[in-house]
Every structure is written in structure tokens, then in C-alpha cells.
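A.B. asks: Please find one structure pasted underneath; my questions will follow.
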Amino acid sequence: MTTYLYSHPDCVGHDPGPMHPECPDRLRSVLAGLEDESFQYLHRVEAPEIDLGLVEAVHKPYYVEKVIDNVPHEGRVHLDPDTAMSPNTGAAIRRASGAAVEAVDRVVGGDAKNAFCAVRPPGHHAESSRAMGFCLFNSAAIAAFHARSAHKLDRVAVIDFDVHHGNGTQHSFEPEPNLFYGSSHQWPAYPGTGQESETGSANNIWNVPLAPGAGSAEFRAGYKNRILPALTEFNPDLLIISAGFDAHARDPLAQLNVQTEDYAWVTEQLLDVAARCCDNRVVSLLEGGYDLDALRESVQAHVRTLMAA
């Protein structure tokens with residue numbers, strides 16, 4: 001088995017506007033980095049479009065209808081001040097969530113060793129009836145609910161190392177004792193959630209807020225001391241990674257000092273838990289990361305580690 005790489009040109013076509021940080025060049029940079037010879041053995045798959053009924057496991061039907069109906073034929077439509085749709089956005093969000101769901105199918109079914117979904121827009125801020133923070137459909141949460149319904153997995157975990165707290169994923173997971181959400185993120189920062197006191201209905205939410213200026217030592221300690229032990233105790237049947245790379249020291253949207261090698265390290269640690277708990281079943285989804293060079297290098301480090309598992 002090998003690592004599956006999901007992507008699709010439709011995900012490049014989503015264009016929230018000039019000077020917007022969540023730009024098409026983000027995905028172009030990621031995919032260019034994965035053309036390096038060291039990635040020749042990735043199994044490359046075109047992301048399918050998701051059945052919108054699967055989206056409704058996480059998002060209210062009226063919200064899904066609103067998003068799809070408001071995709072413009074030309075120009076842009078804003079769902080909040082940061083979150084805009086262009087004519088290609090409808091296809092992009094279907095492909096992004098479709099990649100996550102099919103990756104779960106392939107990994108759980110034993111076809112893939114693990115998978116990385118190089119897709120956009122990101123998803124972890126999207127709540128059940130609200131788009132925000134560049135996000136429209138919460139692909140990680142959709143994939144987790146799909147794993148439970150389609151594959152009858154009892155416990156699914158999402159670990160999120162994006163610099164911004166994934167309020168949308170936490171929102172969906174809080175009332176669900178058999179869903180685990182662990183997040184390291186800068187605080188204070190957008191969206192203002194993610195305190196340690198937010199623990200969910202069954203101690204199934206684990207937040208590690210990091211102060212502006214924190215770097216490798218604090219990032220790694222948060223995983224060693226809090227997230228990894230809690231994840232191991234939860235003992236998931238599947239691990240989903242919300243892989244945002246904007247905690248990198250070179251990223252312009254936050255003030256953490258995580259280094260490229262820290263992403264390889266945290267991926268190794270998560271894979272070690274997956275080897276012990278869930279037969280190595282891991283699906284990773286691209287979230288944030290806005291310095292194009294740092295994003296490309298960090299994704300390369302992450303995917304190399306997935307391939308070496």
C-alpha cells in the first residue's frame with residue numbers, strides 16, 4: 001500500500017479575490033512541491049464531488065442549500081467579510097469534501113496506507129450553519145461523521161495543528177462523546193475560541209493555546225504533555241489531521257515560531273499513536289498556511305513522513 005494524494009483543478013479555481021490570503025497560488029505551490037522526485041510513488045487521485053447529503057450530516061440542510069444557491073455566475077459573493085465565493089467555488093467545496101470522504105473510504109477499506117488531501121478552500125472554521133474564516137464546508141468533520149455512518153467506526157479523532165482554532169470542528173464534536181478534537185493554536189487570535197476550559201460533553205475536546213511568540217519547544221510540549229496522551233487514551237479507530245501550516249515562523253497571519261521540522265515531528269508522533277490505536281489509519285486534509293514557500297516546504301515534510309509510515 002502507498003500514500004494516496006487527492007486533489008483537483010477545481011480546487012485551484014476557487015478565487016476569493018485579489019490580495020486574499022487564501023489564494024489559488026497556495027494550492028499551486030503545494031502541488032508543485034509534491035512534483036519533486038521524492039514523491040514519485042504517491043498514488044495521485046482526482047478528488048470526486050461529494051454527495052451533498054453527506055455534507056448534511058454536519059451542516060444544516062438550509063445552510064448547504066444557501067451556500068450552493070449563492071455561488072455566483074460571475075464576480076464574487078461574500079458570506080462573511082473574510083469568506084467569499086467565485087463561480088468555481090461550488091465545484092471546489094464539493095471536491096474538497098469529496099476528497100476527504102473518499103480518502104476515508106480508501107484508508108479504512110485497506111486500499112491506501114494513508115492519504116493527504118491537497119484541496120481548498122479549508123474547512124475547520126465552518127460551523128453547522130455558518131461560513132467563516134475562509135471556510136464553507138467542514139471537510140474534516142464531514143469525513144469523521146462519514147467514517148462512523150458508512151464504516152461503523154466507534155471512535156474518530158481529529159487533530160488540528162493549524163495556527164487558528166478550529167471552532168467549527170469543535171462545534172460539531174462537543175456533544176459527541178465518541179468524537180475527539182485536539183487542537184494547538186495561537187491564543188489570543190482569530191476566532192477567539194479554544195481555551196483549555198472548553199472540554200466538550202465527555203472530556204473529548206483538548207485545546208492547547210499558545211501565546212504569540214511561542215515556538216518549537218512550546219508546540220512540542222503541548223503535544224507531548226496534553227494532546228498525545230489524551231488521544232492515546234481515547235484510542236481512536238481512525239485519525240483525521242486538519243493540517244494547517246500557518247503556525248510556521250514565516251507565516252504572515254499569526255505570530256508563532258513553529259519550524260518546518262516540527263511538522264515532520266508532530267506527524268511522526270501522530271502516526272505512532274495511529275500505529276498503536278487504529279492500524280495506521282490516517283487521513284490528512286490541508287487547512288491553512290499563507291507563506292507560499294513555508295507552506296510548500298511544510299507540506300513536503302508532512303507528506304514525506306506519511307509516506308515513510
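Letters for chains follow the order of the C-alpha cells (A, B, ...), residue numbers begin at 1 for each chain, and ligand numbers begin at 1 in the order shown.
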Within 10 Å of region 120-143 of chain A, which residues of region 153-202 of chain A come that close, and what is the closest atom pair and distance in Å for each? Count only C-alpha atoms and give it as CSV.
C.D. replies:
residue,atom,partner,partner_atom,distance
A:Val156,CA,A:Ala143,CA,9.5
A:Ala157,CA,A:Ala141,CA,9.6
A:Val158,CA,A:Ala140,CA,7.3
A:Ile159,CA,A:Ala140,CA,9.7
A:Asp160,CA,A:His124,CA,8.6
A:Asp162,CA,A:His124,CA,9.1
A:His164,CA,A:His125,CA,8.7
A:His165,CA,A:His125,CA,7.8
A:Gly166,CA,A:His124,CA,4.8
A:Asn167,CA,A:His125,CA,5.3
A:Gly168,CA,A:Glu127,CA,4.2
A:Thr169,CA,A:His124,CA,5.6
A:Gln170,CA,A:His124,CA,8.7
A:His171,CA,A:Glu127,CA,6.4
A:Ser172,CA,A:Ser128,CA,7.1
A:Phe173,CA,A:Ala141,CA,7.9
A:Leu179,CA,A:Ala141,CA,9.5
A:Tyr181,CA,A:Ala141,CA,9.8
A:Tyr190,CA,A:Gly133,CA,8.3
A:Pro191,CA,A:Gly133,CA,7.9
A.B. asks: Mind dumping the selected residues with C-alpha atoms as a compact mmCIF listing (two decimals), in the first residue's frame?
C.D. replies:
# COMPACT_ATOMS: atom_id res chain seq x y z
CA VAL A 156 -12.92 9.04 15.38
CA ALA A 157 -10.38 11.72 16.27
CA VAL A 158 -9.39 14.97 14.56
CA ILE A 159 -6.08 16.60 15.45
CA ASP A 160 -5.70 20.18 14.23
CA ASP A 162 -3.47 24.99 12.23
CA HIS A 164 -6.16 29.18 14.25
CA HIS A 165 -8.51 27.21 16.47
CA GLY A 166 -10.94 25.02 14.53
CA ASN A 167 -14.09 26.33 16.16
CA GLY A 168 -16.26 24.64 13.54
CA THR A 169 -14.89 21.17 14.20
CA GLN A 170 -15.13 21.69 17.95
CA HIS A 171 -18.71 22.94 17.48
CA SER A 172 -19.67 19.70 15.72
CA PHE A 173 -17.76 17.41 18.10
CA LEU A 179 -15.59 12.10 18.58
CA TYR A 181 -10.92 17.01 18.84
CA TYR A 190 -8.94 34.54 15.39
CA PRO A 191 -11.58 33.19 16.01
A.B. asks: For region 195-208 of chain A, find every residue with an atom within 10 Å (counting only C-alpha atoms), except residues of its own chain fewer than 3 positions away, and show them as a tab-separated table (two decimals) with N, CA and C atoms, in the first residue's frame.
C.D. replies:
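Ended up saving to out-v3.tsv:
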chain	number	residue	atom	x	y	z
A	157	ALA	N	-11.07	10.55	15.72
A	157	ALA	CA	-10.38	11.72	16.27
A	157	ALA	C	-9.93	12.65	15.14
A	158	VAL	N	-9.99	13.95	15.42
A	158	VAL	CA	-9.39	14.97	14.56
A	158	VAL	C	-8.35	15.72	15.37
A	159	ILE	N	-7.13	15.79	14.86
A	159	ILE	CA	-6.08	16.60	15.45
A	159	ILE	C	-5.79	17.75	14.49
A	160	ASP	N	-5.74	18.95	15.02
A	160	ASP	CA	-5.70	20.18	14.23
A	160	ASP	C	-4.52	21.02	14.69
A	161	PHE	N	-3.46	21.11	13.83
A	161	PHE	CA	-2.32	21.95	14.22
A	161	PHE	C	-2.26	23.26	13.44
A	165	HIS	N	-7.68	28.24	15.87
A	165	HIS	CA	-8.51	27.21	16.47
A	165	HIS	C	-9.64	26.82	15.53
A	166	GLY	N	-9.88	25.52	15.39
A	166	GLY	CA	-10.94	25.02	14.53
A	166	GLY	C	-12.29	25.01	15.24
A	170	GLN	N	-14.77	21.82	16.54
A	170	GLN	CA	-15.13	21.69	17.95
A	170	GLN	C	-16.64	21.80	18.13
A	171	HIS	N	-17.27	22.74	17.42
A	171	HIS	CA	-18.71	22.94	17.48
A	171	HIS	C	-19.46	21.65	17.15
A	173	PHE	N	-18.20	18.55	17.29
A	173	PHE	CA	-17.76	17.41	18.10
A	173	PHE	C	-18.17	17.51	19.58
A	174	GLU	N	-18.36	18.71	20.09
A	174	GLU	CA	-18.59	18.90	21.53
A	174	GLU	C	-19.66	17.97	22.11
A	175	PRO	N	-20.81	17.80	21.46
A	175	PRO	CA	-21.85	16.95	22.06
A	175	PRO	C	-21.69	15.46	21.77
A	176	GLU	N	-20.63	15.08	21.10
A	176	GLU	CA	-20.46	13.70	20.63
A	176	GLU	C	-19.34	13.01	21.41
A	177	PRO	N	-19.65	12.21	22.41
A	177	PRO	CA	-18.61	11.60	23.24
A	177	PRO	C	-17.61	10.73	22.47
A	178	ASN	N	-18.02	10.17	21.34
A	178	ASN	CA	-17.14	9.27	20.59
A	178	ASN	C	-16.40	9.98	19.46
A	179	LEU	N	-16.42	11.31	19.48
A	179	LEU	CA	-15.59	12.10	18.58
A	179	LEU	C	-14.64	12.93	19.42
A	180	PHE	N	-13.38	12.94	19.04
A	180	PHE	CA	-12.31	13.61	19.80
A	180	PHE	C	-11.74	14.73	18.94
A	181	TYR	N	-11.56	15.90	19.54
A	181	TYR	CA	-10.92	17.01	18.84
A	181	TYR	C	-9.78	17.55	19.70
A	182	GLY	N	-8.56	17.55	19.14
A	182	GLY	CA	-7.41	18.12	19.81
A	182	GLY	C	-6.79	19.19	18.93
A	183	SER	N	-6.50	20.36	19.50
A	183	SER	CA	-6.02	21.49	18.71
A	183	SER	C	-4.91	22.24	19.43
A	184	SER	N	-3.83	22.51	18.70
A	184	SER	CA	-2.84	23.50	19.14
A	184	SER	C	-3.05	24.73	18.26
A	185	HIS	N	-2.98	25.92	18.88
A	185	HIS	CA	-3.28	27.14	18.14
A	185	HIS	C	-2.81	28.35	18.92
A	186	GLN	N	-2.61	29.44	18.22
A	186	GLN	CA	-2.27	30.69	18.90
A	186	GLN	C	-3.50	31.24	19.61
A	187	TRP	N	-3.26	31.77	20.81
A	187	TRP	CA	-4.33	32.48	21.54
A	187	TRP	C	-3.69	33.61	22.34
A	188	PRO	N	-4.20	34.83	22.27
A	188	PRO	CA	-5.39	35.22	21.52
A	188	PRO	C	-5.11	35.32	20.02
A	192	GLY	N	-10.98	33.41	18.39
A	192	GLY	CA	-11.22	33.76	19.78
A	192	GLY	C	-11.70	32.61	20.64
A	211	ALA	N	0.87	31.13	23.30
A	211	ALA	CA	0.98	32.59	23.30
A	211	ALA	C	1.74	33.07	22.07
A	218	GLU	N	7.40	25.00	22.89
A	218	GLU	CA	6.04	25.06	23.42
A	218	GLU	C	5.09	24.19	22.58
A	219	PHE	N	5.28	24.23	21.27
A	219	PHE	CA	4.45	23.42	20.36
A	219	PHE	C	4.61	21.94	20.68
A	221	ALA	N	5.82	20.55	23.42
A	221	ALA	CA	5.38	20.23	24.79
A	221	ALA	C	3.86	20.09	24.85
A	222	GLY	N	3.14	20.92	24.09
A	222	GLY	CA	1.69	20.82	24.08
A	222	GLY	C	1.21	19.47	23.60
A	223	TYR	N	1.91	18.92	22.62
A	223	TYR	CA	1.55	17.58	22.14
A	223	TYR	C	2.01	16.50	23.11
A	225	ASN	N	2.61	16.61	26.33
A	225	ASN	CA	2.04	16.65	27.66
A	225	ASN	C	0.52	16.60	27.69
A	226	ARG	N	-0.12	17.00	26.60
A	226	ARG	CA	-1.59	17.09	26.64
A	226	ARG	C	-2.26	16.29	25.51
A	227	ILE	N	-2.00	16.68	24.27
A	227	ILE	CA	-2.80	16.12	23.18
A	227	ILE	C	-2.51	14.65	22.94
A	228	LEU	N	-1.23	14.27	22.86
A	228	LEU	CA	-0.90	12.88	22.56
A	228	LEU	C	-1.37	11.90	23.63
A	230	ALA	N	-3.90	12.30	25.69
A	230	ALA	CA	-5.36	12.25	25.64
A	230	ALA	C	-5.84	11.49	24.42
A	231	LEU	N	-5.18	11.68	23.29
A	231	LEU	CA	-5.53	10.95	22.08
A	231	LEU	C	-5.32	9.46	22.26
A	234	PHE	N	-8.05	8.07	24.35
A	234	PHE	CA	-9.29	8.00	23.57
A	234	PHE	C	-9.31	6.75	22.68
A.B. asks: As JSON, numbers by chain, which residues of region 40-176 of chain A does DSSP assign to alpha helix (DSSP H)?
C.D. replies: {"A": [52, 53, 54, 55, 61, 62, 63, 64, 65, 66, 67, 68, 69, 89, 90, 91, 92, 93, 94, 95, 96, 97, 98, 99, 100, 101, 102, 103, 104, 105, 106, 107, 108, 109, 139, 140, 141, 142, 143, 144, 145, 146, 147, 148, 149, 150, 151, 167, 168, 169, 170, 171, 172, 173]}
A.B. asks: I need the residues of region 16-236 of chain A that end up classed as strand (DSSP E) by DSSP on the backbone, written out as a PyMOL selection string.
C.D. replies: chain A and resi 43-46+77-80+83-85+114-117+156-160+179-186+205-210
A.B. asks: Restricting the output to N, CA and C atoms, write the selected residues as a short mmCIF file (atom, residue, chain, number, x, y, z; two decimals), in the first residue's frame.
C.D. replies:
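Dumped everything to again-v9.cif:
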data_model
loop_
_atom_site.label_atom_id
_atom_site.label_comp_id
_atom_site.auth_asym_id
_atom_site.auth_seq_id
_atom_site.Cartn_x
_atom_site.Cartn_y
_atom_site.Cartn_z
N HIS A 43 0.28 7.86 -4.84
CA HIS A 43 -0.80 7.45 -5.73
C HIS A 43 -1.75 8.64 -5.88
N ARG A 44 -1.74 9.24 -7.05
CA ARG A 44 -2.46 10.50 -7.28
C ARG A 44 -3.87 10.22 -7.79
N VAL A 45 -4.84 10.83 -7.12
CA VAL A 45 -6.25 10.57 -7.39
C VAL A 45 -6.99 11.89 -7.56
N GLU A 46 -7.85 11.98 -8.56
CA GLU A 46 -8.69 13.16 -8.71
C GLU A 46 -9.79 13.13 -7.66
N VAL A 77 -19.43 36.63 -4.26
CA VAL A 77 -20.43 36.79 -3.22
C VAL A 77 -19.74 36.53 -1.89
N HIS A 78 -19.92 37.42 -0.91
CA HIS A 78 -19.33 37.26 0.42
C HIS A 78 -20.36 36.67 1.38
N LEU A 79 -19.96 35.60 2.06
CA LEU A 79 -20.79 35.02 3.11
C LEU A 79 -20.45 35.59 4.47
N ASP A 80 -19.25 36.07 4.63
CA ASP A 80 -18.86 36.92 5.75
C ASP A 80 -17.72 37.79 5.24
N THR A 83 -14.94 35.54 3.88
CA THR A 83 -15.26 34.30 3.17
C THR A 83 -16.08 34.62 1.92
N ALA A 84 -15.43 34.53 0.77
CA ALA A 84 -16.05 34.88 -0.50
C ALA A 84 -16.13 33.67 -1.41
N MET A 85 -17.13 33.71 -2.31
CA MET A 85 -17.29 32.66 -3.32
C MET A 85 -17.17 33.26 -4.71
N ASN A 114 -2.30 5.56 3.86
CA ASN A 114 -2.84 6.77 4.45
C ASN A 114 -3.10 7.73 3.30
N ALA A 115 -3.57 8.95 3.59
CA ALA A 115 -3.92 9.85 2.49
C ALA A 115 -3.71 11.29 2.91
N PHE A 116 -3.33 12.11 1.92
CA PHE A 116 -3.27 13.56 2.09
C PHE A 116 -4.14 14.21 1.02
N CYS A 117 -5.03 15.08 1.46
CA CYS A 117 -5.95 15.78 0.55
C CYS A 117 -5.46 17.20 0.36
N VAL A 156 -13.70 8.33 16.40
CA VAL A 156 -12.92 9.04 15.38
C VAL A 156 -12.34 10.30 16.02
N ALA A 157 -11.07 10.55 15.72
CA ALA A 157 -10.38 11.72 16.27
C ALA A 157 -9.93 12.65 15.14
N VAL A 158 -9.99 13.95 15.42
CA VAL A 158 -9.39 14.97 14.56
C VAL A 158 -8.35 15.72 15.37
N ILE A 159 -7.13 15.79 14.86
CA ILE A 159 -6.08 16.60 15.45
C ILE A 159 -5.79 17.75 14.49
N ASP A 160 -5.74 18.95 15.02
CA ASP A 160 -5.70 20.18 14.23
C ASP A 160 -4.52 21.02 14.69
N LEU A 179 -16.42 11.31 19.48
CA LEU A 179 -15.59 12.10 18.58
C LEU A 179 -14.64 12.93 19.42
N PHE A 180 -13.38 12.94 19.04
CA PHE A 180 -12.31 13.61 19.80
C PHE A 180 -11.74 14.73 18.94
N TYR A 181 -11.56 15.90 19.54
CA TYR A 181 -10.92 17.01 18.84
C TYR A 181 -9.78 17.55 19.70
N GLY A 182 -8.56 17.55 19.14
CA GLY A 182 -7.41 18.12 19.81
C GLY A 182 -6.79 19.19 18.93
N SER A 183 -6.50 20.36 19.50
CA SER A 183 -6.02 21.49 18.71
C SER A 183 -4.91 22.24 19.43
N SER A 184 -3.83 22.51 18.70
CA SER A 184 -2.84 23.50 19.14
C SER A 184 -3.05 24.73 18.26
N HIS A 185 -2.98 25.92 18.88
CA HIS A 185 -3.28 27.14 18.14
C HIS A 185 -2.81 28.35 18.92
N GLN A 186 -2.61 29.44 18.22
CA GLN A 186 -2.27 30.69 18.90
C GLN A 186 -3.50 31.24 19.61
N ILE A 205 -12.71 17.18 24.11
CA ILE A 205 -12.09 18.35 23.46
C ILE A 205 -10.83 18.70 24.25
N TRP A 206 -9.69 18.79 23.53
CA TRP A 206 -8.42 19.13 24.17
C TRP A 206 -7.75 20.26 23.40
N ASN A 207 -7.72 21.42 24.04
CA ASN A 207 -7.14 22.61 23.41
C ASN A 207 -5.81 22.97 24.07
N VAL A 208 -4.85 23.33 23.22
CA VAL A 208 -3.55 23.81 23.68
C VAL A 208 -3.32 25.20 23.10
N PRO A 209 -3.74 26.25 23.82
CA PRO A 209 -3.49 27.61 23.34
C PRO A 209 -2.03 27.99 23.56
N LEU A 210 -1.42 28.60 22.55
CA LEU A 210 -0.02 29.00 22.59
C LEU A 210 0.06 30.52 22.46
#
A.B. asks: Using only C-alpha atoms, can you tell me which of A:Met307, A:Val12, A:Ile241, A:Ala254 comes closest to Ser86 (chain A)?
C.D. replies: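 Using only C-alpha atoms, the shortest distance to Ser86 (chain A) belongs to A:Val12.
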A.B. asks: Please provide the set of residues having any atom within 10 Å of Ala103 (chain A), restricted to only C-alpha atoms, with same-chain residues fewer than 4 positions apart removed, written as a ChimeraX atom specification.
C.D. replies: /A:4-6,45,47,97-99,107-109,111-112,114-117,143,282-285
A.B. asks: Which polymer residues have any atom within 9 Å of an atom of Asp291 (chain A), counting only C-alpha atoms, with same-chain residues fewer than 5 positions away left out, as a PDB file with N, CA and C atoms, in the first residue's frame?
C.D. replies:
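Okay, selection_24.pdb is ready:
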ATOM      1  N   PRO A  21      -5.571  36.239   1.258  1.00  0.00           N
ATOM      2  CA  PRO A  21      -4.513  35.288   1.636  1.00  0.00           C
ATOM      3  C   PRO A  21      -4.823  33.849   1.236  1.00  0.00           C
ATOM      4  N   ARG A  26      -1.790  29.172  -3.315  1.00  0.00           N
ATOM      5  CA  ARG A  26      -1.483  28.271  -2.193  1.00  0.00           C
ATOM      6  C   ARG A  26      -1.446  26.824  -2.684  1.00  0.00           C
ATOM      7  N   ASP A 246       0.089  27.313   9.126  1.00  0.00           N
ATOM      8  CA  ASP A 246       0.246  28.746   9.359  1.00  0.00           C
ATOM      9  C   ASP A 246       0.787  29.088  10.740  1.00  0.00           C
ATOM     10  N   HIS A 248       3.759  28.332  11.173  1.00  0.00           N
ATOM     11  CA  HIS A 248       5.157  28.465  10.751  1.00  0.00           C
ATOM     12  C   HIS A 248       5.672  29.873  11.034  1.00  0.00           C
ATOM     13  N   ARG A 250       7.374  31.830   9.392  1.00  0.00           N
ATOM     14  CA  ARG A 250       7.349  32.768   8.273  1.00  0.00           C
ATOM     15  C   ARG A 250       5.931  33.143   7.839  1.00  0.00           C
ATOM     16  N   ASP A 251       4.925  32.583   8.476  1.00  0.00           N
ATOM     17  CA  ASP A 251       3.557  32.863   8.031  1.00  0.00           C
ATOM     18  C   ASP A 251       3.133  34.275   8.430  1.00  0.00           C
ATOM     19  N   PRO A 252       2.435  34.991   7.540  1.00  0.00           N
ATOM     20  CA  PRO A 252       2.091  36.380   7.830  1.00  0.00           C
ATOM     21  C   PRO A 252       0.835  36.572   8.664  1.00  0.00           C
ATOM     22  N   LEU A 253       0.015  35.532   8.890  1.00  0.00           N
ATOM     23  CA  LEU A 253      -1.282  35.737   9.535  1.00  0.00           C
ATOM     24  C   LEU A 253      -1.282  35.472  11.031  1.00  0.00           C
ATOM     25  N   ARG A 296       4.762  25.217   1.142  1.00  0.00           N
ATOM     26  CA  ARG A 296       5.256  24.134   0.291  1.00  0.00           C
ATOM     27  C   ARG A 296       6.232  23.235   1.049  1.00  0.00           C
TER      28      ARG A 296
END
A.B. asks: I'd like to know which of A:Lys152, A:His59, A:Arg28, A:Arg281 is closest to Ala309 (chain A), using only C-alpha atoms.
C.D. replies: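 Ranking A:Lys152, A:His59, A:Arg28, A:Arg281 by distance to Ala309 (chain A), first place goes to A:Arg281.
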A.B. asks: What's the 10 Å shell around Asp15 (chain A), counting only C-alpha atoms, without same-chain residues fewer than 3 positions away, as an mmCIF file with N, CA and C atoms, in the first residue's frame?
C.D. replies:
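After the write, selection33.cif holds the following:
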data_model
loop_
_atom_site.group_PDB
_atom_site.id
_atom_site.type_symbol
_atom_site.label_atom_id
_atom_site.label_comp_id
_atom_site.auth_asym_id
_atom_site.auth_seq_id
_atom_site.Cartn_x
_atom_site.Cartn_y
_atom_site.Cartn_z
ATOM 1 N N CYS A 11 -10.224 22.846 -7.304
ATOM 2 C CA CYS A 11 -9.838 23.463 -6.031
ATOM 3 C C CYS A 11 -8.913 24.657 -6.231
ATOM 4 N N VAL A 12 -8.219 24.706 -7.357
ATOM 5 C CA VAL A 12 -7.447 25.896 -7.718
ATOM 6 C C VAL A 12 -8.378 26.993 -8.215
ATOM 7 N N PRO A 18 -8.636 39.415 -5.279
ATOM 8 C CA PRO A 18 -7.267 39.932 -5.278
ATOM 9 C C PRO A 18 -6.766 40.208 -3.862
ATOM 10 N N HIS A 20 -6.363 38.333 -1.472
ATOM 11 C CA HIS A 20 -6.893 37.485 -0.401
ATOM 12 C C HIS A 20 -5.837 36.451 -0.034
ATOM 13 N N GLU A 22 -6.097 33.474 1.181
ATOM 14 C CA GLU A 22 -6.457 32.101 0.831
ATOM 15 C C GLU A 22 -6.610 32.038 -0.693
ATOM 16 N N CYS A 23 -5.482 32.168 -1.370
ATOM 17 C CA CYS A 23 -5.467 32.375 -2.821
ATOM 18 C C CYS A 23 -5.183 31.068 -3.573
ATOM 19 N N PRO A 24 -5.516 31.010 -4.866
ATOM 20 C CA PRO A 24 -5.231 29.800 -5.648
ATOM 21 C C PRO A 24 -3.756 29.410 -5.661
ATOM 22 N N ASP A 25 -2.843 30.395 -5.530
ATOM 23 C CA ASP A 25 -1.416 30.070 -5.539
ATOM 24 C C ASP A 25 -1.005 29.195 -4.363
ATOM 25 N N GLY A 75 -18.275 37.380 -10.899
ATOM 26 C CA GLY A 75 -17.924 38.187 -9.731
ATOM 27 C C GLY A 75 -17.792 37.352 -8.472
ATOM 28 N N ARG A 76 -18.102 37.950 -7.329
ATOM 29 C CA ARG A 76 -17.957 37.269 -6.042
ATOM 30 C C ARG A 76 -19.127 37.587 -5.120
ATOM 31 N N ALA A 84 -15.428 34.525 0.771
ATOM 32 C CA ALA A 84 -16.055 34.881 -0.497
ATOM 33 C C ALA A 84 -16.127 33.674 -1.414
ATOM 34 N N MET A 85 -17.130 33.706 -2.310
ATOM 35 C CA MET A 85 -17.287 32.659 -3.317
ATOM 36 C C MET A 85 -17.171 33.262 -4.711
ATOM 37 N N SER A 86 -16.526 32.529 -5.610
ATOM 38 C CA SER A 86 -16.416 32.880 -7.019
ATOM 39 C C SER A 86 -17.183 31.823 -7.825
ATOM 40 N N PRO A 87 -17.293 31.967 -9.145
ATOM 41 C CA PRO A 87 -18.054 30.982 -9.913
ATOM 42 C C PRO A 87 -17.572 29.546 -9.763
ATOM 43 N N ASN A 88 -16.315 29.328 -9.442
ATOM 44 C CA ASN A 88 -15.788 27.967 -9.318
ATOM 45 C C ASN A 88 -15.841 27.419 -7.887
ATOM 46 N N THR A 89 -16.377 28.202 -6.966
ATOM 47 C CA THR A 89 -16.352 27.780 -5.564
ATOM 48 C C THR A 89 -17.224 26.558 -5.319
ATOM 49 N N ALA A 92 -15.302 23.559 -6.127
ATOM 50 C CA ALA A 92 -14.159 23.394 -5.220
ATOM 51 C C ALA A 92 -14.581 22.802 -3.883
ATOM 52 N N PRO A 121 -11.245 25.286 -0.712
ATOM 53 C CA PRO A 121 -10.925 26.046 0.487
ATOM 54 C C PRO A 121 -10.798 25.159 1.726
#
A.B. asks: Restricting the calculation to only C-alpha atoms, which member of A:Leu256, A:Val67, A:Leu34, A:Ala274 is positioned closest to His302 (chain A)?
C.D. replies: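 Looking only at the distances to His302 (chain A), the closest residue turns out to be A:Leu34.
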